[in-house]
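Novice: Once you've had a glance at the structure underneath, I'll fire off some questions.
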Amino acid sequence: MANITPSKKLTIKQGRVFILISVLVTAFNLRTAVTSLTPLIEKLQDSFEFSNFLIGIFGMLPTMAFAAAGIVTPTFIRKVNLERTVIVAMLFAFVGLFLRSISPSIPFFLLSSLVALLGMGMGNVVLPPLVKRYFPEKIGKMSIYYIVILQVGTLMPAFMAVPLANLYDWRFSLGVWAIFALISLVLWLYIWFKYPEVKAFSATEKKLMDENLINHNSDVSVALEAAEPLSQEEINDRKKGKVWRSPLAWGLALMFGMTSLNTYAMFSWLPRIFTSSGASEVFAGNMVGLFSALGLLSAFVAPIAAVRLKKPLAFIIGCIACFILGYLGLLLNPMSYPMVWVILVGLGPSTFPFALTLINLRTRTSKGSASMSSFGQGIGYLLSCAGPLMFGLFHEWFMNWTAPFIFLGFCLIILLIGGILISQPRYLEDEW
């Protein structure tokens with residue numbers, strides 16, 4: 001038995017209200033650096049005079065930063081705690097967004113963007129365990145809340161970017177989102193200093209983690225109720241699992257990576273596709289906003305489909321079909337039925353929340369779920385880095401949109417392979 005006196009579950013009545021607000025404000029901030037930029041690319045080109053190659057770099061930065069954050073944030077949480085990690089995340093987001101808006105040069109712009117995106121990537125990792133810690137009895141409901149708010153924070157900057165830039169300038173349009181990161185930072189600092197129960201809970205959790213009683217994905221309240229150490233045999237058994245040897249895990253990584261690759265390629269290049277066909281910047285920005293808005297529908301429908309469908313591969317094939325039809329419309333005649341093409345392409349990434357749900361449906365334990373999630377997101381975001389960059393390079397090399405869309409079509413084949421692997425009714429732990 002560990003020499004730890006069991007403690008009561010954390011109870012913060014008024015504090016939980018502030019925590020709920022802070023979680024939702026933080027969720028709002030997790031995509032603002034991405035979708036506030038792409039509608040303003042041409043205005044940035046006028047200011048800094050860069051090539052189409054750099055547009056691909058801009059599109060690659062989010063996935064690269066999110067992959068890096070996914071790798072380092074769990075260790076960071078273990079070394080400090082959840083609350084301090086989210087404080088650092090929002091500090092990075094605020095500083096990066098603010099510095100980006102006053103950038104004197106492209107290198108400075110890229111570096112400040114990377115800082116902001118690293119903060120947002122850390123927020124991606126830290127929000128689910130925060131929900132689990134403070135709202136263990138409402139995990140499903142709270143998850144829907146913050147995912148919906150995340151989607152709102154994705155589409156609002158896309159819709160508002162060009163109007164704000166026309167009203168003031170592109171620097172104001174990019175910098176205004178730093179205010180929301182600052183609000184989130186202030187809220188978490190207030191919680192940390194106002195409620196000593198938070199510090200006490202975090203300190204107890206860290207002690208349990210150091211003594212190998214729990215990991216950062218565990219239900220801490222249960223560990224506090226009955227702090228029994230793992231036997232050496234149990235610890236050795238857990239270490240035997242090699243997630244990278246599992247076809248299920250690779251299926252998730254391919255599905256997650258190819259979905260993100262296609263999504264961020266569209267975030268980066270959808271405005272240029274429309275403006276090159278004669279559309280205005282405002283119209284192109286609205287189309288990015290519509291593309292983002294479809295994520296709200298996906299957030300509600302895809303998890304339900306993953307749970308209820310006996311053959312989940314049918315849903316994946318349907319999403320791929322939406323991608324293909326939308327891409328054909330954008331390639332052949334984008335201005336004929338632009339909203340139809342964007343809606344179809346926007347429904348394609350429903351495979352993202354679908355894959356997130358399959359993580360828990362294809363694992364037996366929280367340890368397996370954490371391993372599969374970490375592997376799938378880490379490898380997936382690394383793979384997706386190539387999307388915006390390669391799309392831009394193919395466009396520049398062949399001077400048309402056909403070659404870039406052929407590239408995305410090849411990636412959809414890989415997505416289908418990943419979907420086939422993860423749709424098999426088996427569990428990760430059984431493959432270990």
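Lettering and numbering for the structure tokens are positional, with chains as A, B, ... in the shown order, residues counted from 1 in each chain, and ligands counted from 1 in the shown order.
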Please provide the set of residues having any atom within 10 Å of Val125 (chain A), restricted to only C-alpha atoms, with same-chain residues fewer than 6 positions apart removed, written as a ChimeraX atom specification.
Specialist: /A:66,69-74,77,82,85-86,374,377
Novice: Filtering to C-alpha atoms, could you give me those residues as an mmCIF file, in the first residue's frame?
Specialist:
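Full text of out_24.cif as output:
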data_model
loop_
_atom_site.group_PDB
_atom_site.id
_atom_site.type_symbol
_atom_site.label_atom_id
_atom_site.label_comp_id
_atom_site.auth_asym_id
_atom_site.auth_seq_id
_atom_site.Cartn_x
_atom_site.Cartn_y
_atom_site.Cartn_z
ATOM 1 C CA PHE A 66 0.167 20.015 -33.503
ATOM 2 C CA ALA A 69 2.694 19.385 -29.237
ATOM 3 C CA GLY A 70 1.119 15.938 -29.239
ATOM 4 C CA ILE A 71 4.514 14.377 -28.596
ATOM 5 C CA VAL A 72 5.797 16.691 -25.848
ATOM 6 C CA THR A 73 2.648 17.762 -23.981
ATOM 7 C CA PRO A 74 2.023 14.472 -22.085
ATOM 8 C CA ILE A 77 1.767 17.495 -17.987
ATOM 9 C CA LEU A 82 -2.762 20.080 -16.174
ATOM 10 C CA THR A 85 0.127 23.269 -18.849
ATOM 11 C CA VAL A 86 -3.027 24.992 -20.084
ATOM 12 C CA SER A 374 -1.154 9.369 -28.943
ATOM 13 C CA GLN A 377 -2.501 11.764 -33.637
#
Novice: Within 12 Å of region 164-176 of chain A, which residues of region 251-305 of chain A come that close, and what is the closest atom pair and distance in Å for each? Count only C-alpha atoms and give it as JSON lines.
Specialist:
{"residue": "A:Glu281", "atom": "CA", "partner": "A:Asn166", "partner_atom": "CA", "distance": 10.3}
{"residue": "A:Val282", "atom": "CA", "partner": "A:Asn166", "partner_atom": "CA", "distance": 9.5}
{"residue": "A:Gly285", "atom": "CA", "partner": "A:Leu164", "partner_atom": "CA", "distance": 11.5}
Novice: Using only C-alpha atoms, please write the residues we just selected to a file, as a CSV table (one decimal), in the first residue's frame.
Specialist:
chain,number,residue,atom,x,y,z
A,281,GLU,CA,-11.7,37.8,-51.5
A,282,VAL,CA,-14.8,38.2,-49.4
A,285,GLY,CA,-13.3,33.8,-47.2
Novice: Figure out the distance between CA of Ala355 (chain A) and CA of Ser22 (chain A), please, to one decimal in Å.
Specialist: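 Atom-to-atom, CA of Ser22 (chain A) to CA of Ala355 (chain A), that is 26.5 Å.
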Novice: What's around region 422-427 of chain A at 12 Å? Count only C-alpha atoms, leave out sequence neighbours fewer than 4 positions away in its own chain, and write the answer as number ranges by chain.
Specialist: A: 243, 246-256, 306-307, 309-317, 351, 354-365, 368-369, 372, 376, 415-418, 431-432
Novice: So, with only C-alpha atoms as the atoms that count, which of A:Met258, A:Leu294, A:Ile183, A:Ile149 lies closest to Gly387 (chain A)?
Specialist: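 Checking each candidate against Gly387 (chain A), we get A:Met258 as the closest.
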Novice: From a DSSP pass on the backbone, collect the residues of region 257-374 of chain A flagged as alpha helix (DSSP H) and hand them back as a PyMOL selection string.
Specialist: chain A and resi 257-275+281-308+313-332+338-347+351-361+366-374
Novice: Do a neighbour search on Gln45 (chain A) at 12 Å with only C-alpha atoms, toss out local chain neighbours closer than 6 positions, and write the hits as a PyMOL selection string.
Specialist: chain A and resi 37-39+51-55+105-106+170
Novice: One decimal, in Å: what's the spacing between CA of Ser112 (chain A) and CA of Arg100 (chain A)?
Specialist: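 If I compute the distance from CA of Ser112 (chain A) to CA of Arg100 (chain A), I get 5.2 Å.
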